[in-house]
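To be precise, the following lines are input03.cif, and they hold mmCIF, C-alpha atoms.
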data_upload
loop_
_atom_site.group_PDB
_atom_site.id
_atom_site.type_symbol
_atom_site.label_atom_id
_atom_site.label_comp_id
_atom_site.auth_asym_id
_atom_site.auth_seq_id
_atom_site.Cartn_x
_atom_site.Cartn_y
_atom_site.Cartn_z
ATOM 1 C CA MET A 150 136.966 -23.663 83.872
ATOM 2 C CA PRO A 151 137.143 -26.016 86.876
ATOM 3 C CA THR A 152 138.205 -24.700 90.278
ATOM 4 C CA PHE A 153 140.584 -27.590 90.901
ATOM 5 C CA LYS A 154 143.594 -28.011 88.631
ATOM 6 C CA SER A 155 143.081 -31.779 88.204
ATOM 7 C CA PHE A 156 140.416 -34.387 88.823
ATOM 8 C CA ASP A 157 142.711 -36.243 91.276
ATOM 9 C CA ALA A 158 143.655 -33.118 93.277
ATOM 10 C CA PHE A 159 142.381 -34.575 96.557
ATOM 11 C CA ASP A 160 144.348 -37.801 96.159
ATOM 12 C CA THR A 161 147.537 -35.868 95.422
ATOM 13 C CA PHE A 162 146.919 -33.678 98.493
ATOM 14 C CA SER A 163 146.122 -36.689 100.682
ATOM 15 C CA GLU A 164 149.307 -38.494 99.706
ATOM 16 C CA ALA A 165 151.444 -35.404 100.332
ATOM 17 C CA VAL A 166 150.134 -34.547 103.825
ATOM 18 C CA ARG A 167 150.218 -38.123 105.020
ATOM 19 C CA PHE A 168 153.671 -39.126 103.821
ATOM 20 C CA GLU A 169 155.648 -36.010 102.822
ATOM 21 C CA ARG A 170 154.812 -32.760 104.650
ATOM 22 C CA ARG A 171 152.075 -32.421 107.232
ATOM 23 C CA PHE A 172 152.414 -28.880 108.586
ATOM 24 C CA ALA A 173 154.497 -26.876 106.072
ATOM 25 C CA HIS A 174 152.568 -27.535 102.891
ATOM 26 C CA ASN A 175 154.078 -27.476 99.439
ATOM 27 C CA SER A 176 152.692 -25.124 96.785
ATOM 28 C CA GLU A 177 150.431 -27.792 95.296
ATOM 29 C CA CYS A 178 148.763 -28.462 98.650
ATOM 30 C CA VAL A 179 148.374 -24.744 99.315
ATOM 31 C CA ARG A 180 146.661 -24.394 95.925
ATOM 32 C CA PHE A 181 144.331 -27.298 96.689
ATOM 33 C CA LEU A 182 143.280 -25.830 100.049
ATOM 34 C CA ASP A 183 142.666 -22.444 98.422
ATOM 35 C CA ASP A 184 140.454 -24.192 95.883
ATOM 36 C CA VAL A 185 138.556 -25.902 98.707
ATOM 37 C CA ARG A 186 137.817 -22.504 100.263
ATOM 38 C CA ARG A 187 136.673 -21.046 96.968
ATOM 39 C CA SER A 188 134.406 -23.896 95.902
ATOM 40 C CA ALA A 189 132.925 -25.005 99.259
ATOM 41 C CA LYS A 190 129.127 -25.202 99.267
ATOM 42 C CA SER A 191 127.529 -23.975 102.470
ATOM 43 C CA ARG A 192 124.158 -24.276 104.150
ATOM 44 C CA THR A 193 122.746 -22.807 107.345
ATOM 45 C CA LEU A 194 121.597 -24.672 110.431
ATOM 46 C CA ARG A 195 118.989 -22.405 111.919
ATOM 47 C CA ARG A 196 118.849 -21.488 115.580
ATOM 48 C CA GLY A 197 116.803 -24.127 117.416
ATOM 49 C CA HIS A 198 117.552 -26.962 114.936
ATOM 50 C CA PRO A 199 117.625 -30.297 116.862
ATOM 51 C CA LEU A 200 120.628 -32.615 116.579
ATOM 52 C CA TRP A 201 121.395 -35.921 118.306
ATOM 53 C CA ARG A 202 124.475 -37.336 120.020
ATOM 54 C CA ALA A 203 124.949 -40.821 121.493
ATOM 55 C CA GLN A 204 127.420 -42.286 123.965
ATOM 56 C CA ILE A 205 127.671 -45.972 124.879
ATOM 57 C CA GLY A 206 127.015 -46.516 128.563
ATOM 58 C CA HIS A 207 125.012 -44.929 131.332
ATOM 59 C CA GLY A 208 125.248 -43.146 134.638
ATOM 60 C CA THR A 209 123.195 -43.635 137.784
ATOM 61 C CA GLY A 210 120.380 -41.772 139.430
ATOM 62 C CA MET A 211 118.076 -42.034 142.410
ATOM 63 C CA GLU A 212 114.429 -43.030 142.089
ATOM 64 C CA PRO A 213 111.858 -42.968 144.923
ATOM 65 C CA ILE A 214 110.049 -46.228 145.651
ATOM 66 C CA SER A 215 106.894 -46.084 147.754
ATOM 67 C CA LEU A 216 106.767 -48.380 150.763
ATOM 68 C CA SER A 217 103.098 -47.843 151.453
ATOM 69 C CA GLU A 218 100.099 -47.472 149.178
ATOM 70 C CA ASP A 219 98.360 -45.333 151.807
ATOM 71 C CA ASP A 220 101.207 -42.993 152.738
ATOM 72 C CA GLU A 221 102.898 -41.226 149.820
ATOM 73 C CA SER A 222 105.526 -39.790 152.139
ATOM 74 C CA ASP A 223 106.701 -43.272 153.090
ATOM 75 C CA TYR A 224 109.337 -44.077 150.448
ATOM 76 C CA ILE A 225 112.998 -44.828 149.948
ATOM 77 C CA ASN A 226 115.400 -43.801 147.199
ATOM 78 C CA ILE A 227 117.089 -46.562 145.238
ATOM 79 C CA GLU A 228 119.901 -46.307 142.708
ATOM 80 C CA VAL A 229 118.889 -46.940 139.089
ATOM 81 C CA ASP A 230 120.542 -46.727 135.678
ATOM 82 C CA ALA A 231 120.167 -43.300 134.085
ATOM 83 C CA PRO A 232 121.528 -41.504 131.007
ATOM 84 C CA PHE A 233 124.871 -39.763 131.344
ATOM 85 C CA GLU A 234 124.811 -36.293 132.852
ATOM 86 C CA ALA A 235 125.120 -33.274 130.569
ATOM 87 C CA GLY A 236 128.858 -32.866 131.163
ATOM 88 C CA ARG A 237 129.511 -36.414 129.993
ATOM 89 C CA MET A 238 127.511 -35.922 126.792
ATOM 90 C CA SER A 239 129.817 -33.173 125.506
ATOM 91 C CA PRO A 240 133.468 -33.674 124.493
ATOM 92 C CA ASP A 241 136.260 -32.927 126.956
ATOM 93 C CA ARG A 242 139.475 -31.920 125.210
ATOM 94 C CA ARG A 243 141.530 -33.669 127.899
ATOM 95 C CA PHE A 244 140.284 -37.027 126.632
ATOM 96 C CA VAL A 245 139.714 -36.330 122.918
ATOM 97 C CA LEU A 246 141.521 -38.661 120.513
ATOM 98 C CA ASP A 247 142.058 -38.208 116.791
ATOM 99 C CA GLY A 248 138.839 -38.136 114.784
ATOM 100 C CA ARG A 249 137.939 -37.713 111.152
ATOM 101 C CA LEU A 250 137.775 -33.924 111.647
ATOM 102 C CA ASN A 251 139.640 -33.147 114.866
ATOM 103 C CA PRO A 252 143.265 -33.723 115.841
ATOM 104 C CA ARG A 253 143.965 -35.210 119.247
ATOM 105 C CA GLY A 254 143.267 -32.718 122.036
ATOM 106 C CA ILE A 255 140.972 -30.450 119.971
ATOM 107 C CA ALA A 256 137.311 -30.989 120.801
ATOM 108 C CA TYR A 257 134.649 -30.720 118.109
ATOM 109 C CA LEU A 258 131.031 -31.591 118.830
ATOM 110 C CA TYR A 259 129.971 -34.553 116.653
ATOM 111 C CA LEU A 260 126.217 -34.762 116.176
ATOM 112 C CA ALA A 261 123.703 -36.451 113.872
ATOM 113 C CA MET A 262 120.635 -35.235 112.047
ATOM 114 C CA ASP A 263 118.480 -37.990 113.596
ATOM 115 C CA GLU A 264 118.511 -40.408 116.522
ATOM 116 C CA PRO A 265 119.079 -43.698 114.600
ATOM 117 C CA THR A 266 122.167 -42.238 112.911
ATOM 118 C CA ALA A 267 123.559 -40.994 116.232
ATOM 119 C CA ILE A 268 123.166 -44.458 117.776
ATOM 120 C CA ALA A 269 124.662 -46.233 114.762
ATOM 121 C CA GLU A 270 127.710 -43.943 114.783
ATOM 122 C CA VAL A 271 128.865 -45.260 118.197
ATOM 123 C CA ARG A 272 128.651 -48.875 116.912
ATOM 124 C CA PRO A 273 126.829 -50.440 119.876
ATOM 125 C CA TRP A 274 126.390 -54.168 120.365
ATOM 126 C CA LEU A 275 123.179 -56.074 121.075
ATOM 127 C CA GLY A 276 122.039 -55.338 124.597
ATOM 128 C CA ALA A 277 124.239 -52.253 124.928
ATOM 129 C CA ASP A 278 122.911 -49.294 126.891
ATOM 130 C CA VAL A 279 123.263 -46.022 125.009
ATOM 131 C CA SER A 280 122.738 -42.517 126.361
ATOM 132 C CA VAL A 281 121.111 -40.425 123.617
ATOM 133 C CA GLY A 282 120.999 -36.657 123.963
ATOM 134 C CA VAL A 283 119.099 -34.071 121.936
ATOM 135 C CA PHE A 284 120.896 -30.782 121.320
ATOM 136 C CA GLU A 285 119.540 -27.445 120.106
ATOM 137 C CA VAL A 286 121.612 -25.129 117.905
ATOM 138 C CA LEU A 287 121.909 -21.846 119.814
ATOM 139 C CA ARG A 288 122.565 -19.596 116.818
ATOM 140 C CA ASP A 289 122.453 -19.760 113.053
ATOM 141 C CA CYS A 290 125.489 -21.824 112.023
ATOM 142 C CA LYS A 291 127.024 -21.729 108.555
ATOM 143 C CA ILE A 292 128.371 -25.172 107.682
ATOM 144 C CA VAL A 293 130.092 -26.654 104.647
ATOM 145 C CA ASP A 294 127.995 -29.444 103.172
ATOM 146 C CA CYS A 295 130.142 -32.482 102.325
ATOM 147 C CA SER A 296 127.183 -34.848 102.321
ATOM 148 C CA GLY A 297 126.852 -35.008 98.544
ATOM 149 C CA PRO A 298 127.498 -37.994 96.246
ATOM 150 C CA GLN A 299 130.718 -39.850 96.991
ATOM 151 C CA ASN A 300 133.452 -41.021 94.629
ATOM 152 C CA HIS A 301 135.254 -44.085 95.947
ATOM 153 C CA GLY A 302 137.706 -44.131 93.073
ATOM 154 C CA PHE A 303 138.125 -43.358 89.416
ATOM 155 C CA LEU A 304 137.140 -45.477 86.447
ATOM 156 C CA PHE A 305 137.409 -43.710 83.132
ATOM 157 C CA GLY A 306 138.025 -44.623 79.516
ATOM 158 C CA ILE A 307 141.084 -46.278 78.059
ATOM 159 C CA ALA A 308 142.665 -45.013 74.846
ATOM 160 C CA GLY A 309 143.657 -47.315 71.973
ATOM 161 C CA ASP A 310 147.259 -47.383 73.188
ATOM 162 C CA GLY A 311 146.137 -48.494 76.648
ATOM 163 C CA SER A 312 146.645 -45.128 78.362
ATOM 164 C CA PRO A 313 143.841 -43.792 80.606
ATOM 165 C CA ILE A 314 141.540 -41.038 79.351
ATOM 166 C CA ASP A 315 140.974 -38.240 81.858
ATOM 167 C CA PRO A 316 137.388 -37.113 82.490
ATOM 168 C CA PRO A 317 136.189 -33.827 80.974
ATOM 169 C CA GLU A 318 137.308 -30.686 82.819
ATOM 170 C CA GLY A 319 133.696 -29.792 83.482
ATOM 171 C CA GLU A 320 133.430 -32.813 85.804
ATOM 172 C CA TRP A 321 136.621 -32.232 87.813
ATOM 173 C CA ASP A 322 135.106 -30.202 90.660
ATOM 174 C CA GLU A 323 132.308 -32.722 91.159
ATOM 175 C CA ILE A 324 134.808 -35.595 91.193
ATOM 176 C CA VAL A 325 137.114 -33.896 93.712
ATOM 177 C CA TRP A 326 134.307 -33.005 96.084
ATOM 178 C CA GLY A 327 133.002 -36.556 95.719
ATOM 179 C CA ARG A 328 136.365 -37.816 96.921
ATOM 180 C CA VAL A 329 136.332 -35.321 99.801
ATOM 181 C CA SER A 330 132.805 -36.435 100.758
ATOM 182 C CA HIS A 331 133.910 -40.062 100.761
ATOM 183 C CA ALA A 332 136.939 -39.246 102.930
ATOM 184 C CA PHE A 333 134.772 -37.504 105.530
ATOM 185 C CA ALA A 334 132.295 -40.389 105.658
ATOM 186 C CA VAL A 335 134.795 -43.257 106.056
ATOM 187 C CA PRO A 336 134.836 -44.462 109.695
ATOM 188 C CA THR A 337 138.188 -44.008 111.417
ATOM 189 C CA ASP A 338 139.801 -45.772 114.338
ATOM 190 C CA PRO A 339 141.439 -43.327 116.812
ATOM 191 C CA HIS A 340 144.234 -45.881 117.286
ATOM 192 C CA ASP A 341 144.754 -46.401 113.548
ATOM 193 C CA SER A 342 148.319 -45.776 112.433
ATOM 194 C CA ASN A 343 147.707 -45.366 108.699
ATOM 195 C CA LEU A 344 146.876 -41.654 109.053
ATOM 196 C CA THR A 345 143.767 -41.808 106.898
ATOM 197 C CA TYR A 346 142.192 -38.970 108.880
ATOM 198 C CA VAL A 347 145.029 -36.427 108.425
ATOM 199 C CA PRO A 348 143.717 -34.963 105.119
ATOM 200 C CA THR A 349 140.211 -34.415 106.494
ATOM 201 C CA GLN A 350 141.577 -32.896 109.701
ATOM 202 C CA ILE A 351 143.530 -30.342 107.669
ATOM 203 C CA ILE A 352 140.559 -29.560 105.423
ATOM 204 C CA ALA A 353 138.377 -29.104 108.524
ATOM 205 C CA GLU A 354 140.832 -26.594 110.013
ATOM 206 C CA VAL A 355 140.990 -24.665 106.739
ATOM 207 C CA ILE A 356 137.175 -24.545 106.601
ATOM 208 C CA ARG A 357 137.072 -23.416 110.232
ATOM 209 C CA GLU A 358 139.644 -20.697 109.544
ATOM 210 C CA ALA A 359 137.510 -19.510 106.625
ATOM 211 C CA GLY A 360 134.745 -18.608 109.083
ATOM 212 C CA TYR A 361 132.470 -21.621 108.909
ATOM 213 C CA ASP A 362 130.910 -23.177 112.021
ATOM 214 C CA GLY A 363 131.096 -26.827 111.039
ATOM 215 C CA ILE A 364 130.869 -29.551 108.413
ATOM 216 C CA ALA A 365 128.037 -31.870 107.397
ATOM 217 C CA TYR A 366 128.886 -35.311 105.997
ATOM 218 C CA GLN A 367 127.235 -38.623 105.249
ATOM 219 C CA SER A 368 127.101 -41.402 107.799
ATOM 220 C CA ALA A 369 128.901 -44.618 106.871
ATOM 221 C CA MET A 370 127.114 -46.455 109.686
ATOM 222 C CA HIS A 371 123.467 -45.660 108.903
ATOM 223 C CA TRP A 372 122.123 -45.641 105.333
ATOM 224 C CA GLY A 373 120.900 -42.197 104.359
ATOM 225 C CA GLY A 374 121.959 -40.643 107.664
ATOM 226 C CA LYS A 375 123.906 -37.413 107.955
ATOM 227 C CA ASN A 376 126.265 -36.110 110.615
ATOM 228 C CA VAL A 377 127.304 -32.605 111.624
ATOM 229 C CA ALA A 378 130.512 -31.653 113.394
ATOM 230 C CA LEU A 379 130.439 -28.215 115.047
ATOM 231 C CA PHE A 380 133.816 -26.596 115.677
ATOM 232 C CA ASP A 381 132.578 -24.776 118.796
ATOM 233 C CA ALA A 382 130.915 -27.193 121.216
ATOM 234 C CA SER A 383 129.205 -24.293 123.011
ATOM 235 C CA SER A 384 127.174 -23.469 119.897
ATOM 236 C CA ALA A 385 124.717 -26.271 120.779
ATOM 237 C CA ASN A 386 122.957 -27.039 124.057
ATOM 238 C CA LEU A 387 121.820 -30.402 125.426
ATOM 239 C CA PHE A 388 118.177 -30.119 126.457
ATOM 240 C CA ALA A 389 117.078 -33.761 126.746
ATOM 241 C CA CYS A 390 118.772 -37.109 127.301
ATOM 242 C CA GLU A 391 117.343 -40.618 127.347
ATOM 243 C CA LEU A 392 118.744 -44.066 128.056
ATOM 244 C CA LYS A 393 118.211 -46.585 125.236
ATOM 245 C CA ARG A 394 118.954 -50.311 124.999
ATOM 246 C CA VAL A 395 119.897 -51.817 121.639
ATOM 247 C CA ARG A 396 117.528 -54.667 120.771
ATOM 248 C CA LYS A 397 118.254 -55.253 117.088
ATOM 249 C CA ILE A 398 121.070 -54.718 114.604
ATOM 250 C CA GLU A 399 120.574 -55.296 110.882
ATOM 251 C CA TYR A 400 123.057 -55.500 107.997
ATOM 252 C CA SER A 401 122.085 -55.653 104.347
ATOM 253 C CA CYS A 402 124.735 -56.482 101.729
ATOM 254 C CA THR A 403 125.109 -56.485 97.971
ATOM 255 C CA THR A 404 127.906 -57.973 95.891
ATOM 256 C CA SER A 405 130.311 -55.160 95.034
ATOM 257 C CA GLY A 406 133.064 -57.043 93.209
ATOM 258 C CA ARG A 407 134.086 -60.265 91.512
ATOM 259 C CA VAL A 408 133.381 -63.702 92.975
ATOM 260 C CA TYR A 409 135.692 -66.705 92.696
ATOM 261 C CA MET A 410 134.999 -70.375 93.349
ATOM 262 C CA ARG A 411 137.252 -73.179 94.568
ATOM 263 C CA PRO A 412 136.606 -76.937 94.682
ATOM 264 C CA ARG A 413 134.693 -78.042 97.755
ATOM 265 C CA LEU A 414 136.297 -80.672 99.978
ATOM 266 C CA THR A 415 133.013 -81.804 101.540
ATOM 267 C CA GLU A 416 129.358 -82.149 100.618
ATOM 268 C CA THR A 417 126.503 -80.258 102.148
ATOM 269 C CA PRO A 418 124.909 -82.609 104.692
ATOM 270 C CA PRO A 419 121.229 -83.497 104.151
ATOM 271 C CA ALA A 420 118.716 -81.463 106.086
ATOM 272 C CA THR A 421 117.797 -82.978 109.441
ATOM 273 C CA PRO A 422 114.105 -83.931 109.411
ATOM 274 C CA ALA A 423 111.986 -82.077 111.913
ATOM 275 C CA SER A 424 111.216 -84.126 115.013
ATOM 276 C CA LYS A 425 107.618 -85.129 115.539
#
Hey, can you dump this file as structure tokens for me?
Amino acid sequence: MPTFKSFDAFDTFSEAVRFERRFAHNSECVRFLDDVRRSAKSRTLRRGHPLWRAQIGHGTGMEPISLSEDDESDYINIEVDAPFEAGRMSPDRRFVLDGRLNPRGIAYLYLAMDEPTAIAEVRPWLGADVSVGVFEVLRDCKIVDCSGPQNHGFLFGIAGDGSPIDPPEGEWDEIVWGRVSHAFAVPTDPHDSNLTYVPTQIIAEVIREAGYDGIAYQSAMHWGGKNVALFDASSANLFACELKRVRKIEYSCTTSGRVYMRPRLTETPPATPASK
């Protein structure tokens, strides 16, 4: 028997907490969250595991410049760009906005499993300076792994009378967790008013209350990358930080839907011959 009572349990929950009741949940939402607790798959981040975090921008530091090749003591300090200090590389709840896991004012530590993913997550532009810190996990952390295959939507069979055919019950749990994984991975705008992050914020709090230390989820900004959000920012320590400059950004696309054509109003101009 499946844990969840329907294959679209997450969508029903998401609709309810966004547009009906957000804090006093109805019985159906309570059942869904109980099912999340019971079926969550966990993994352990071992003490010492490295994780990366990036922030766009830089601080300043002082660097000695020698004035004489013969006298090493003859130098001056000049101000140079430097990575942000340690305090700036960790979240401050006074300035925290809504995120995919955290409500406004509650600070979770968002990290990545590798440096390229961490940089991609902050969406830098060409030429941007990015401070990239490396954190160490200070204790074994039990996290819920939501980085599995994602379900963007449902496409099942159609009966002879035109009504949809539900998937087999044995696939319901996989489908629901696929929808949850997709919801965690979708990038969110802190100023967005469509409340897309409310369901994942609630799920994150339920997982936290169940005794877990964080959640792992796929990156939507870097192919194959994974992120980790730790509920307690003090459970990881920054031990190195480097200033990077973005030199290249690549996008690769595939057609994901139908294509339509309309009549052209002009012709493609002939190629201009190369000048000799």
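Nearest residue to Asp241 (chain A) among A:Leu387, A:Ala158, A:Ile225, A:Ala382 is A:Ala382, counting only C-alpha atoms.
The protein and nucleic acid residues lying at most 12 Å from Pro199 (chain A) are Leu194, Arg195, Arg196, Gly197, Trp201, Arg202, Leu260, Ala261, Met262, Asp263, Glu264, Gly282, Val283, Phe284, Glu285, Val286, Leu287, Arg288, Val377, Ala385, Asn386, Leu387, Phe388 and Ala389 of chain A, with only C-alpha atoms considered and sequence neighbours fewer than 2 positions away removed.
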May I ask for the distance between CA of Leu250 (chain A) and CA of Glu169 (chain A), given in Å to one decimal place?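 Rounded to one decimal, the two atoms are 20.0 Å apart.
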May I have a table of the residues of region 284-397 of chain A lying at most 9 Å from region 180-189 of chain A, giving each one's closest pair of atoms and their distance in Å to one decimal, counting only C-alpha atoms, ordered by chain and ascending residue number, as CSV?
residue,atom,partner,partner_atom,distance
A:Val293,CA,A:Ala189,CA,6.3
A:Asp294,CA,A:Ala189,CA,7.7
A:Cys295,CA,A:Ala189,CA,8.5
A:Asp322,CA,A:Ser188,CA,8.2
A:Trp326,CA,A:Val185,CA,8.7
A:Ile351,CA,A:Leu182,CA,8.9
A:Ile352,CA,A:Leu182,CA,7.1
A:Val355,CA,A:Leu182,CA,7.2
A:Ile356,CA,A:Arg186,CA,6.7
A:Ala359,CA,A:Arg186,CA,7.0
Between CA of Gly254 (chain A) and CA of Pro240 (chain A), what distance in Å does the model show, to one decimal?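 It comes out at 10.1 Å.
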